[in-house]
Amino acid sequence: MRHWQKKMGRTVSSKTRNNRFLTEVQLAVFREFGVPVRYNRGQKRKDLLPPGKRCEFCSEPATRAAYRIPYTKGVLKHHLRPDFLNQSWNLIATCSDHITKAKWSENRIERYVAKLHERAEHQR
């Protein structure tokens with residue numbers, strides 16, 4: 001259990017934790033008040049950009065961590081949970097010249113989200 005869950009007296013069920021999509025209520029809150037803070041910068045840099053890590057495209061030293069599915073678009077357009085988008089599969093080490101190259105095309109994002117919907121339907 002995470003420290004904030006203990007503090008608030010809540011636990012997150014496995015059903016909620018494994019769900020990759022926002023509920024209608026969560027989406028309405030994000031649309032009204034904005035998307036939450038993306039990540040803890042120190043943690044992201046420590047995990048994804050350890051010393052010696054290279055850009056995935058040009059092998060120069062990595063200086064940035066880019067999202068394959070852009071964070072705000074993933075939350076507001078595709079209704080993906082922020083905690084799901086912050087996982088390591090969606091982050092890629094790049095140099096500053098290739099940060100936009102790391103982003104998936106809209107077509108690729110839509111195919112991936114459709115596949116996630118299919119998996120969610122099979123699990124029900």
# chains A, B, ... in the order shown; residues from 1 in each chain; ligands from 1
call {"tool": "residues_around", "arguments": {"residues": "A:Leu22", "least_positions_apart": "2", "cutoff": "10 Å", "atoms": "only C-alpha atoms", "output": "list in words"}}
result
Thr16, Asn19, Arg20, Glu24, Val25, Gln26, Leu27, Ala28, Phe30, Val75, Leu76, His78, His79, Leu80, Arg81 and Pro82 of chain A
call {"tool": "write_last_selection", "arguments": {"atoms": "C-alpha atoms", "output": "mmCIF file, in the first residue's frame"}}
result
data_model
loop_
_atom_site.group_PDB
_atom_site.id
_atom_site.type_symbol
_atom_site.label_atom_id
_atom_site.label_comp_id
_atom_site.auth_asym_id
_atom_site.auth_seq_id
_atom_site.Cartn_x
_atom_site.Cartn_y
_atom_site.Cartn_z
ATOM 1 C CA THR A 16 -8.915 -0.487 -10.769
ATOM 2 C CA ASN A 19 -7.801 -0.911 -15.861
ATOM 3 C CA ARG A 20 -5.974 1.187 -18.444
ATOM 4 C CA GLU A 24 -16.466 8.827 -17.165
ATOM 5 C CA VAL A 25 -16.221 10.593 -13.787
ATOM 6 C CA GLN A 26 -12.409 10.698 -13.901
ATOM 7 C CA LEU A 27 -12.470 12.013 -17.464
ATOM 8 C CA ALA A 28 -14.989 14.727 -16.533
ATOM 9 C CA PHE A 30 -9.663 16.025 -15.952
ATOM 10 C CA VAL A 75 -5.540 11.232 -21.146
ATOM 11 C CA LEU A 76 -8.014 13.587 -22.829
ATOM 12 C CA HIS A 78 -7.853 8.379 -25.752
ATOM 13 C CA HIS A 79 -9.038 8.259 -22.105
ATOM 14 C CA LEU A 80 -5.936 6.442 -20.867
ATOM 15 C CA ARG A 81 -5.094 6.564 -17.172
ATOM 16 C CA PRO A 82 -2.159 8.822 -16.214
#
call {"tool": "atom_distance", "arguments": {"atom1": "atom CA of A:Arg64", "atom2": "atom CA of A:Ser105"}}
result
19.3 Å
call {"tool": "residues_around", "arguments": {"residues": "A:Asn107", "least_positions_apart": "6", "cutoff": "12 Å", "atoms": "only C-alpha atoms", "output": "VMD selection string"}}
result
chain A and resid 69 113 to 114
call {"tool": "closest_residue", "arguments": {"among": "A:Ser96, A:Ser59, A:Asn90, A:Thr72", "to": "A:Arg31", "atoms": "only C-alpha atoms"}}
result
A:Thr72
call {"tool": "residues_around", "arguments": {"residues": "A:Lys101", "least_positions_apart": "2", "cutoff": "12 Å", "atoms": "only C-alpha atoms", "output": "number ranges by chain"}}
result
A: 55-58, 65-70, 92-99, 103-105
call {"tool": "decode", "arguments": {"residues": "stretch 48-90 of chain A", "atoms": "N, CA and C atoms", "output": "CSV table (one decimal), in the first residue's frame"}}
result
chain,number,residue,atom,x,y,z
A,48,LEU,N,15.0,6.1,-16.1
A,48,LEU,CA,15.0,6.0,-17.5
A,48,LEU,C,16.4,6.5,-18.1
A,49,LEU,N,17.0,7.4,-17.4
A,49,LEU,CA,18.2,8.0,-17.9
A,49,LEU,C,19.4,7.9,-17.0
A,50,PRO,N,19.8,6.6,-16.7
A,50,PRO,CA,20.9,6.5,-15.9
A,50,PRO,C,22.2,6.9,-16.6
A,51,PRO,N,23.3,7.2,-15.9
A,51,PRO,CA,24.5,7.6,-16.6
A,51,PRO,C,24.9,6.5,-17.7
A,52,GLY,N,25.2,7.0,-18.9
A,52,GLY,CA,25.6,6.1,-20.0
A,52,GLY,C,24.5,5.7,-20.9
A,53,LYS,N,23.2,6.1,-20.6
A,53,LYS,CA,22.1,5.7,-21.5
A,53,LYS,C,22.2,6.5,-22.8
A,54,ARG,N,21.9,5.9,-23.9
A,54,ARG,CA,22.0,6.5,-25.2
A,54,ARG,C,20.7,6.7,-25.8
A,55,CYS,N,20.6,7.7,-26.7
A,55,CYS,CA,19.4,8.0,-27.5
A,55,CYS,C,19.1,6.7,-28.3
A,56,GLU,N,17.8,6.4,-28.4
A,56,GLU,CA,17.3,5.2,-29.1
A,56,GLU,C,17.5,5.3,-30.6
A,57,PHE,N,17.7,6.6,-31.1
A,57,PHE,CA,17.7,6.8,-32.5
A,57,PHE,C,19.1,7.1,-33.1
A,58,CYS,N,19.9,7.8,-32.3
A,58,CYS,CA,21.2,8.2,-32.9
A,58,CYS,C,22.4,7.7,-32.0
A,59,SER,N,22.2,7.1,-30.9
A,59,SER,CA,23.3,6.7,-30.0
A,59,SER,C,24.1,7.8,-29.3
A,60,GLU,N,23.6,9.0,-29.4
A,60,GLU,CA,24.2,10.1,-28.7
A,60,GLU,C,23.7,10.0,-27.2
A,61,PRO,N,24.4,10.6,-26.3
A,61,PRO,CA,24.0,10.5,-24.9
A,61,PRO,C,22.5,11.0,-24.7
A,62,ALA,N,21.7,10.2,-24.0
A,62,ALA,CA,20.3,10.6,-23.8
A,62,ALA,C,20.2,11.7,-22.8
A,63,THR,N,19.4,12.7,-23.2
A,63,THR,CA,19.2,13.9,-22.3
A,63,THR,C,17.7,14.1,-21.9
A,64,ARG,N,16.8,13.4,-22.6
A,64,ARG,CA,15.4,13.5,-22.4
A,64,ARG,C,14.7,12.2,-22.4
A,65,ALA,N,13.6,12.2,-21.7
A,65,ALA,CA,12.7,11.0,-21.8
A,65,ALA,C,11.4,11.4,-22.5
A,66,ALA,N,11.1,10.9,-23.6
A,66,ALA,CA,9.9,11.2,-24.4
A,66,ALA,C,8.8,10.2,-24.3
A,67,TYR,N,7.6,10.7,-24.4
A,67,TYR,CA,6.4,9.8,-24.4
A,67,TYR,C,6.1,9.3,-25.8
A,68,ARG,N,5.9,8.0,-25.9
A,68,ARG,CA,5.5,7.4,-27.2
A,68,ARG,C,4.1,7.9,-27.5
A,69,ILE,N,3.2,7.8,-26.5
A,69,ILE,CA,1.8,8.4,-26.6
A,69,ILE,C,1.9,9.7,-25.8
A,70,PRO,N,1.7,10.8,-26.4
A,70,PRO,CA,1.8,12.1,-25.7
A,70,PRO,C,0.8,12.1,-24.5
A,71,TYR,N,1.3,12.5,-23.4
A,71,TYR,CA,0.6,12.4,-22.1
A,71,TYR,C,-0.8,13.0,-22.1
A,72,THR,N,-0.9,14.3,-22.5
A,72,THR,CA,-2.2,15.0,-22.4
A,72,THR,C,-3.1,14.4,-23.4
A,73,LYS,N,-2.6,14.1,-24.6
A,73,LYS,CA,-3.5,13.5,-25.7
A,73,LYS,C,-4.0,12.1,-25.2
A,74,GLY,N,-3.1,11.3,-24.6
A,74,GLY,CA,-3.5,10.0,-24.1
A,74,GLY,C,-4.6,10.1,-23.1
A,75,VAL,N,-4.5,11.1,-22.2
A,75,VAL,CA,-5.5,11.2,-21.1
A,75,VAL,C,-6.8,11.8,-21.7
A,76,LEU,N,-6.8,12.9,-22.4
A,76,LEU,CA,-8.0,13.6,-22.8
A,76,LEU,C,-8.7,13.0,-24.1
A,77,LYS,N,-7.9,12.6,-25.1
A,77,LYS,CA,-8.4,12.1,-26.3
A,77,LYS,C,-8.7,10.6,-26.3
A,78,HIS,N,-7.7,9.8,-25.7
A,78,HIS,CA,-7.9,8.4,-25.8
A,78,HIS,C,-8.3,7.8,-24.4
A,79,HIS,N,-8.5,8.6,-23.4
A,79,HIS,CA,-9.0,8.3,-22.1
A,79,HIS,C,-8.2,7.2,-21.4
A,80,LEU,N,-6.9,7.3,-21.6
A,80,LEU,CA,-5.9,6.4,-20.9
A,80,LEU,C,-5.6,7.0,-19.5
A,81,ARG,N,-5.4,6.1,-18.5
A,81,ARG,CA,-5.1,6.6,-17.2
A,81,ARG,C,-3.7,7.2,-17.1
A,82,PRO,N,-3.5,8.2,-16.4
A,82,PRO,CA,-2.2,8.8,-16.2
A,82,PRO,C,-1.1,7.8,-15.7
A,83,ASP,N,-1.5,7.0,-14.7
A,83,ASP,CA,-0.5,6.1,-14.2
A,83,ASP,C,-0.1,5.0,-15.2
A,84,PHE,N,-1.0,4.7,-16.1
A,84,PHE,CA,-0.7,3.8,-17.2
A,84,PHE,C,0.3,4.5,-18.2
A,85,LEU,N,0.1,5.7,-18.5
A,85,LEU,CA,1.0,6.4,-19.5
A,85,LEU,C,2.3,6.7,-18.9
A,86,ASN,N,2.5,6.7,-17.6
A,86,ASN,CA,3.8,7.0,-16.9
A,86,ASN,C,4.6,5.7,-16.8
A,87,GLN,N,4.1,4.6,-17.2
A,87,GLN,CA,4.9,3.4,-17.1
A,87,GLN,C,6.0,3.4,-18.1
A,88,SER,N,7.0,2.6,-17.9
A,88,SER,CA,8.3,2.6,-18.7
A,88,SER,C,8.1,2.2,-20.1
A,89,TRP,N,7.0,1.4,-20.5
A,89,TRP,CA,6.8,1.1,-21.9
A,89,TRP,C,6.5,2.3,-22.7
A,90,ASN,N,6.0,3.4,-22.1
A,90,ASN,CA,5.6,4.6,-22.9
A,90,ASN,C,6.7,5.6,-22.9
